[in-house]
file entry-v9.tsv (TSV, C-alpha atoms)
chain	number	residue	atom	x	y	z
K	1	MET	CA	48.83	-58.72	-91.42
K	2	LEU	CA	48.80	-58.50	-95.21
K	3	ALA	CA	52.23	-60.15	-95.15
K	4	LEU	CA	50.77	-62.81	-92.83
K	5	ALA	CA	47.97	-63.47	-95.32
K	6	ASP	CA	50.60	-63.84	-98.04
K	7	GLN	CA	52.55	-66.34	-95.95
K	8	PHE	CA	49.44	-68.46	-95.43
K	9	THR	CA	48.80	-68.41	-99.18
K	10	GLN	CA	52.32	-69.67	-99.89
K	11	HIS	CA	52.00	-72.38	-97.23
K	12	ASN	CA	48.60	-73.55	-98.51
K	13	ASP	CA	49.81	-73.53	-102.11
K	14	ALA	CA	52.80	-75.70	-101.25
K	15	LEU	CA	50.66	-78.22	-99.36
K	16	ALA	CA	48.15	-78.46	-102.21
K	17	ARG	CA	50.69	-78.54	-105.04
K	18	LEU	CA	53.42	-80.74	-103.61
K	19	ARG	CA	51.60	-83.13	-101.35
K	20	PRO	CA	52.13	-85.60	-99.95
K	21	ALA	CA	55.92	-85.39	-100.20
K	22	TYR	CA	56.23	-81.71	-99.21
K	23	GLY	CA	53.57	-81.82	-96.53
K	24	ALA	CA	55.06	-84.83	-94.83
K	25	ALA	CA	58.68	-83.70	-95.08
K	26	HIS	CA	58.53	-79.91	-94.66
K	27	GLY	CA	54.95	-78.93	-93.82
K	28	HIS	CA	55.47	-79.09	-90.05
K	29	ALA	CA	58.35	-76.58	-90.14
K	30	SER	CA	56.39	-74.27	-92.46
K	31	ALA	CA	53.38	-74.33	-90.11
K	32	GLU	CA	55.59	-73.53	-87.12
K	33	VAL	CA	56.86	-70.45	-88.97
K	34	LEU	CA	53.24	-69.36	-89.44
K	35	VAL	CA	52.48	-69.83	-85.73
K	36	ASN	CA	55.35	-67.46	-84.90
K	37	ALA	CA	54.15	-65.01	-87.57
K	38	CYS	CA	50.68	-64.99	-85.98
K	39	THR	CA	52.24	-64.24	-82.60
K	40	ASP	CA	54.16	-61.33	-84.13
K	41	ALA	CA	50.95	-60.01	-85.71
K	42	VAL	CA	49.10	-60.10	-82.38
K	43	GLN	CA	51.97	-58.24	-80.74
K	44	ALA	CA	51.89	-55.64	-83.52
K	45	ILE	CA	48.16	-55.06	-82.91
K	46	GLU	CA	48.63	-54.75	-79.16
K	47	GLU	CA	51.50	-52.28	-79.60
K	48	GLN	CA	49.40	-49.92	-81.73
K	49	PRO	CA	47.93	-46.91	-79.87
K	50	LEU	CA	44.40	-47.96	-80.79
K	51	PRO	CA	41.17	-47.52	-78.85
K	52	ALA	CA	40.36	-50.62	-76.81
K	53	THR	CA	37.15	-51.32	-78.72
K	54	VAL	CA	35.47	-54.69	-78.96
K	55	ALA	CA	36.32	-54.83	-82.66
K	56	VAL	CA	40.06	-54.31	-82.08
K	57	LYS	CA	40.11	-56.90	-79.31
K	58	GLU	CA	38.30	-59.33	-81.59
K	59	ALA	CA	40.86	-58.72	-84.34
K	60	ALA	CA	43.66	-59.77	-82.00
K	61	ILE	CA	41.63	-62.77	-80.84
K	62	ARG	CA	40.99	-63.75	-84.47
K	63	ILE	CA	44.74	-63.93	-85.12
K	64	LYS	CA	45.29	-65.84	-81.85
K	65	GLN	CA	42.68	-68.37	-82.97
K	66	LEU	CA	44.46	-68.61	-86.30
K	67	ALA	CA	47.67	-69.40	-84.40
K	68	TYR	CA	45.90	-72.18	-82.45
K	69	LEU	CA	44.48	-73.65	-85.65
K	70	THR	CA	47.88	-73.50	-87.31
K	71	ALA	CA	49.48	-75.20	-84.32
K	72	GLY	CA	46.91	-77.97	-84.72
K	73	SER	CA	47.79	-78.15	-88.40
K	74	ALA	CA	51.47	-78.48	-87.45
K	75	ARG	CA	50.63	-81.46	-85.26
K	76	HIS	CA	48.88	-83.21	-88.15
K	77	LEU	CA	51.88	-82.51	-90.39
K	78	ALA	CA	54.27	-83.78	-87.71
K	79	ALA	CA	52.20	-86.98	-87.57
K	80	ALA	CA	52.48	-87.27	-91.37
K	81	LYS	CA	56.25	-86.85	-91.11
K	82	ASP	CA	56.46	-89.60	-88.48
K	83	LEU	CA	54.39	-91.92	-90.66
K	84	LEU	CA	56.61	-91.17	-93.66
K	85	SER	CA	59.80	-92.03	-91.78
K	86	ALA	CA	58.42	-95.07	-89.94
K	87	PRO	CA	58.90	-98.41	-91.68
K	88	ALA	CA	55.56	-100.00	-92.51
K	89	PRO	CA	54.88	-103.72	-92.83
K	90	GLU	CA	54.61	-104.84	-96.44
K	91	THR	CA	50.97	-105.75	-95.90
K	92	ASP	CA	50.17	-102.24	-94.62
K	93	GLN	CA	52.15	-100.01	-96.99
K	94	GLY	CA	49.08	-98.83	-98.91
K	95	ARG	CA	47.20	-98.01	-95.76
K	96	GLY	CA	50.19	-96.09	-94.39
K	97	GLY	CA	50.15	-93.85	-97.45
K	98	GLN	CA	46.45	-93.24	-96.94
K	99	HIS	CA	47.08	-92.19	-93.34
K	100	ILE	CA	49.73	-89.70	-94.49
K	101	VAL	CA	47.38	-88.17	-97.05
K	102	ARG	CA	44.60	-87.94	-94.46
K	103	GLN	CA	46.85	-86.14	-91.96
K	104	ILE	CA	47.83	-83.62	-94.63
K	105	GLU	CA	44.19	-83.07	-95.62
K	106	LEU	CA	43.28	-82.33	-92.00
K	107	ALA	CA	46.21	-79.92	-91.78
K	108	GLN	CA	45.07	-78.13	-94.95
K	109	GLU	CA	41.56	-77.63	-93.58
K	110	LEU	CA	42.90	-75.85	-90.50
K	111	THR	CA	44.86	-73.22	-92.47
K	112	ALA	CA	42.60	-72.91	-95.53
K	113	LEU	CA	40.98	-69.68	-94.30
K	114	GLY	CA	44.23	-68.17	-93.02
K	115	PRO	CA	44.57	-65.47	-95.71
K	116	ALA	CA	40.92	-64.37	-95.39
K	117	SER	CA	41.11	-64.30	-91.58
K	118	ALA	CA	44.28	-62.22	-91.62
K	119	LEU	CA	42.75	-59.77	-94.11
K	120	GLN	CA	39.57	-59.46	-92.06
K	121	ALA	CA	41.58	-58.67	-88.93
K	122	ALA	CA	43.64	-56.15	-90.91
K	123	THR	CA	40.45	-54.42	-92.04
K	124	THR	CA	39.25	-54.06	-88.45
K	125	VAL	CA	42.58	-52.61	-87.31
K	126	ALA	CA	42.68	-50.27	-90.32
K	127	LEU	CA	39.23	-48.92	-89.42
K	128	ALA	CA	40.43	-48.09	-85.93
K	129	MET	CA	43.62	-46.49	-87.27
K	130	ASN	CA	41.71	-44.42	-89.82
K	131	HIS	CA	39.48	-43.04	-87.05
K	132	ARG	CA	42.49	-41.60	-85.23
K	133	SER	CA	44.62	-40.39	-88.15
K	134	HIS	CA	44.51	-38.71	-91.53
K	135	PRO	CA	44.26	-40.90	-94.66
K	136	GLY	CA	47.55	-42.24	-95.95
K	137	THR	CA	49.28	-40.85	-98.99
K	138	MET	CA	49.02	-44.14	-100.87
K	139	THR	CA	45.51	-44.25	-102.32
K	140	ALA	CA	43.61	-46.26	-104.86
K	141	GLY	CA	41.60	-43.31	-106.11
K	142	ARG	CA	42.77	-43.79	-109.69
K	143	LEU	CA	42.02	-47.50	-109.72
K	144	THR	CA	38.79	-48.82	-111.16
K	145	PRO	CA	36.41	-50.96	-109.07
K	146	ILE	CA	37.57	-54.03	-111.02
K	147	GLU	CA	41.20	-53.24	-110.25
K	148	ARG	CA	40.42	-52.77	-106.56
K	149	SER	CA	38.50	-56.04	-106.53
K	150	THR	CA	41.45	-57.78	-108.19
K	151	LEU	CA	43.84	-56.44	-105.54
K	152	ASN	CA	41.44	-57.66	-102.86
K	153	ALA	CA	41.36	-61.16	-104.39
K	154	THR	CA	45.15	-61.09	-104.55
K	155	ALA	CA	45.44	-60.18	-100.88
K	156	ARG	CA	43.20	-63.11	-100.00
K	157	GLY	CA	45.31	-65.53	-102.03
K	158	HIS	CA	42.51	-66.21	-104.49
K	159	LEU	CA	44.07	-65.10	-107.78
K	160	ALA	CA	46.22	-67.13	-110.16
K	161	THR	CA	47.02	-67.17	-113.88
K	162	SER	CA	47.64	-69.94	-116.38
K	163	ARG	CA	48.59	-70.41	-120.02
K	164	SER	CA	46.94	-72.52	-122.67
K	165	ALA	CA	47.28	-72.59	-126.46
K	166	GLY	CA	49.47	-69.51	-126.37
K	167	ARG	CA	46.97	-67.47	-124.34
K	168	GLU	CA	46.96	-66.33	-120.72
K	169	PHE	CA	43.99	-66.68	-118.39
K	170	ALA	CA	43.20	-65.37	-114.90
K	171	HIS	CA	41.37	-67.46	-112.31
K	172	SER	CA	39.81	-66.26	-109.05
K	173	GLN	CA	38.12	-68.28	-106.31
K	174	THR	CA	35.83	-65.36	-105.47
K	175	GLY	CA	34.50	-64.24	-108.83
K	176	THR	CA	35.37	-63.39	-112.38
K	177	ALA	CA	38.95	-62.42	-113.08
K	178	HIS	CA	40.23	-60.65	-116.18
K	179	ILE	CA	43.73	-61.24	-117.47
K	180	GLU	CA	43.77	-57.69	-118.89
K	181	THR	CA	43.27	-56.31	-115.38
K	182	VAL	CA	46.02	-58.54	-114.00
K	183	LEU	CA	48.44	-57.41	-116.71
K	184	GLY	CA	47.55	-53.76	-116.11
K	185	LEU	CA	48.14	-53.99	-112.35
K	186	GLU	CA	51.35	-55.90	-112.99
K	187	GLN	CA	52.59	-53.13	-115.27
K	188	GLN	CA	51.80	-50.58	-112.56
K	189	GLY	CA	53.99	-52.54	-110.16
K	190	LEU	CA	51.14	-53.41	-107.79
K	191	ILE	CA	51.19	-57.20	-108.25
K	192	ALA	CA	53.69	-59.82	-109.33
K	193	ARG	CA	53.29	-63.40	-110.49
K	194	GLU	CA	55.24	-66.28	-108.99
K	195	PRO	CA	55.61	-68.92	-111.72
K	196	ALA	CA	54.26	-72.43	-111.14
K	197	SER	CA	53.69	-71.84	-107.42
K	198	ALA	CA	49.90	-72.39	-107.23
K	199	PRO	CA	48.08	-75.72	-107.55
K	200	PRO	CA	46.56	-76.57	-110.94
K	201	ALA	CA	43.05	-75.44	-111.83
K	202	ALA	CA	42.10	-79.07	-112.51
K	203	ASP	CA	43.51	-82.38	-111.33
K	204	GLY	CA	46.43	-83.44	-113.45
K	205	GLY	CA	46.89	-80.01	-115.01
K	206	PRO	CA	49.98	-77.80	-114.88
K	207	ALA	CA	50.74	-75.62	-111.87
K	208	GLN	CA	49.41	-72.07	-112.07
K	209	ASP	CA	51.21	-68.78	-111.40
K	210	ARG	CA	50.17	-67.32	-108.05
K	211	VAL	CA	49.45	-63.58	-108.17
K	212	ARG	CA	50.87	-61.76	-105.14
K	213	LEU	CA	50.90	-58.16	-103.95
K	214	THR	CA	54.11	-56.20	-104.31
K	215	LEU	CA	55.17	-53.93	-101.48
K	216	ARG	CA	53.60	-50.95	-103.27
K	217	GLY	CA	50.42	-52.92	-103.92
K	218	ALA	CA	50.23	-53.95	-100.27
K	219	MET	CA	50.66	-50.32	-99.18
K	220	ILE	CA	47.75	-49.27	-101.39
K	221	VAL	CA	45.53	-52.06	-100.09
K	222	ALA	CA	46.51	-51.22	-96.52
K	223	ALA	CA	45.72	-47.53	-97.07
K	224	GLN	CA	42.23	-48.40	-98.30
K	225	LEU	CA	41.31	-51.11	-95.81
K	226	GLY	CA	38.32	-50.15	-93.72
K	227	ARG	CA	37.08	-47.51	-96.19
K	228	GLY	CA	34.64	-49.73	-98.05
K	229	LEU	CA	37.01	-50.42	-100.96
K	230	TYR	CA	38.63	-53.62	-99.76
K	231	THR	CA	36.12	-55.14	-97.33
K	232	PRO	CA	36.80	-58.88	-97.29
K	233	ALA	CA	34.04	-61.48	-97.29
K	234	PRO	CA	33.49	-63.20	-93.94
K	235	ALA	CA	35.52	-66.34	-92.92
K	236	SER	CA	39.55	-61.52	-102.14
K	237	ALA	CA	56.18	-48.83	-118.22
K	238	ALA	CA	56.64	-50.12	-114.66
K	239	VAL	CA	59.79	-51.45	-113.05
K	240	PRO	CA	59.59	-55.22	-112.48
K	241	ALA	CA	58.17	-55.75	-109.00
K	242	SER	CA	58.77	-58.38	-106.35
K	243	PRO	CA	56.12	-59.92	-104.10
K	244	VAL	CA	55.46	-58.21	-100.77
K	245	ILE	CA	57.46	-60.82	-98.83
K	246	PRO	CA	59.81	-63.58	-99.91
K	247	ALA	CA	58.84	-67.20	-99.47
K	248	PRO	CA	59.60	-68.40	-95.93
K	249	ALA	CA	62.76	-70.42	-95.66
K	250	GLN	CA	62.07	-74.14	-95.47
K	251	ALA	CA	63.60	-76.03	-92.61
K	252	ARG	CA	65.36	-79.20	-93.63
call {"tool": "encode", "arguments": {"input": "entry-v9.tsv", "output": "structure tokens"}}
result
Amino acid sequence: MLALADQFTQHNDALARLRPAYGAAHGHASAEVLVNACTDAVQAIEEQPLPATVAVKEAAIRIKQLAYLTAGSARHLAAAKDLLSAPAPETDQGRGGQHIVRQIELAQELTALGPASALQAATTVALAMNHRSHPGTMTAGRLTPIERSTLNATARGHLATSRSAGREFAHSQTGTAHIETVLGLEQQGLIAREPASAPPAADGGPAQDRVRLTLRGAMIVAAQLGRGLYTPAPASAAVPASPVIPAPAQAR
């Protein structure tokens, strides 16, 4: 489910950064990949030997709802693709472009909370798993509260970095972010930055670098989910590290 959250972040970033061209041409295929990923996540929950509590059932339902919303988003993006390929009368060309942008905006709204929803479901499942097993070996005991908060923001797809006047800056949608913390976690191999993959902080500005969990970082977050260290808000000399999952292949 952490990988699912990461996939939603990549999808949302691409729609926001490359629209309308990307959304109209490739957004539908990307959304369909996410629908299948949601289905796989639900199956993974149902295959776990977890107690059939209301919370666990609701976690599976939350991901199913996310799949339905993403399917709706795919329909809007398919409509945008049809509008892009359909010849428009010369007198209606401007309005056709507006329709495409509107379809993409509606699609974005339906997947905007995908990372947070996936993380919230993961927290519920982790609670149930922790009740039936011993704590994992990967812990965040040596991390500071700020570092744990930064990992949480990364898991939710809320953290990015930028450069200006020779300096680096960190930006978070959920609170204050410190570039020193980002650099420290990066050196520990817990996060990695994907250059120019996030939308700009301001209209017309340069693309930002999206901060993503590495596999090791995701394991630490997963080990701590449900223990009060990474509770998400309702619907946040190391070897060079790679993000937890590669970007989904784009259908052409």
call {"tool": "closest_residue", "arguments": {"input": "entry-v9.tsv", "among": "K:Ala86, K:Ala41, K:Ala153, K:Leu34", "to": "K:Ala122", "atoms": "all atoms listed in the file"}}
result
K:Ala41
call {"tool": "closest_residue", "arguments": {"input": "entry-v9.tsv", "among": "K:His171, K:Arg102, K:Arg216, K:His28", "to": "K:Gly72", "atoms": "only C-alpha atoms"}}
result
K:His28
call {"tool": "atom_distance", "arguments": {"input": "entry-v9.tsv", "atom1": "atom CA of K:Ala24", "atom2": "atom CA of K:Ser73"}}
result
11.8 Å
call {"tool": "atom_distance", "arguments": {"input": "entry-v9.tsv", "atom1": "atom CA of K:Thr174", "atom2": "atom CA of K:Glu105"}}
result
21.9 Å
call {"tool": "closest_residue", "arguments": {"input": "entry-v9.tsv", "among": "K:Val211, K:Ile45, K:Ala155, K:Met1", "to": "K:Pro195", "atoms": "all atoms listed in the file"}}
result
K:Val211
call {"tool": "closest_residue", "arguments": {"input": "entry-v9.tsv", "among": "K:Ala44, K:Pro20, K:Ala160, K:Ala128", "to": "K:Ile63", "atoms": "only C-alpha atoms"}}
result
K:Ala44
call {"tool": "atom_distance", "arguments": {"input": "entry-v9.tsv", "atom1": "atom CA of K:Glu147", "atom2": "atom CA of K:Leu185"}}
result
7.3 Å
call {"tool": "closest_residue", "arguments": {"input": "entry-v9.tsv", "among": "K:Leu151, K:Ala198, K:Ala170, K:Ala60", "to": "K:Asn12", "atoms": "all atoms listed in the file"}}
result
K:Ala198
call {"tool": "closest_residue", "arguments": {"input": "entry-v9.tsv", "among": "K:Pro51, K:Gly189, K:Pro200, K:Gly27", "to": "K:Thr161", "atoms": "only C-alpha atoms"}}
result
K:Pro200
call {"tool": "closest_atom_pairs", "arguments": {"input": "entry-v9.tsv", "of": "stretch 186-213 of chain K", "to": "stretch 219-224 of chain K", "cutoff": "12 Å", "atoms": "only C-alpha atoms", "output": "CSV"}}
result
residue,atom,partner,partner_atom,distance
K:Gln188,CA,K:Ile220,CA,12.0
K:Gly189,CA,K:Ile220,CA,11.2
K:Leu190,CA,K:Ile220,CA,8.3
K:Ile191,CA,K:Ile220,CA,11.0
K:Leu213,CA,K:Val221,CA,9.0
call {"tool": "residues_around", "arguments": {"input": "entry-v9.tsv", "residues": "K:Val56", "least_positions_apart": "2", "cutoff": "9 Å", "atoms": "only C-alpha atoms", "output": "PyMOL selection string"}}
result
chain K and resi 45+50-54+58-61+121+124-125+128
call {"tool": "residues_around", "arguments": {"input": "entry-v9.tsv", "residues": "K:Arg163", "least_positions_apart": "4", "cutoff": "12 Å", "atoms": "all atoms listed in the file", "output": "list in words"}}
result
Arg167, Glu168, Phe169, Ala170, His171, Ile179, Pro195, Ala196, Pro200, Ala201, Gly205, Pro206, Ala207, Gln208 and Asp209 of chain K
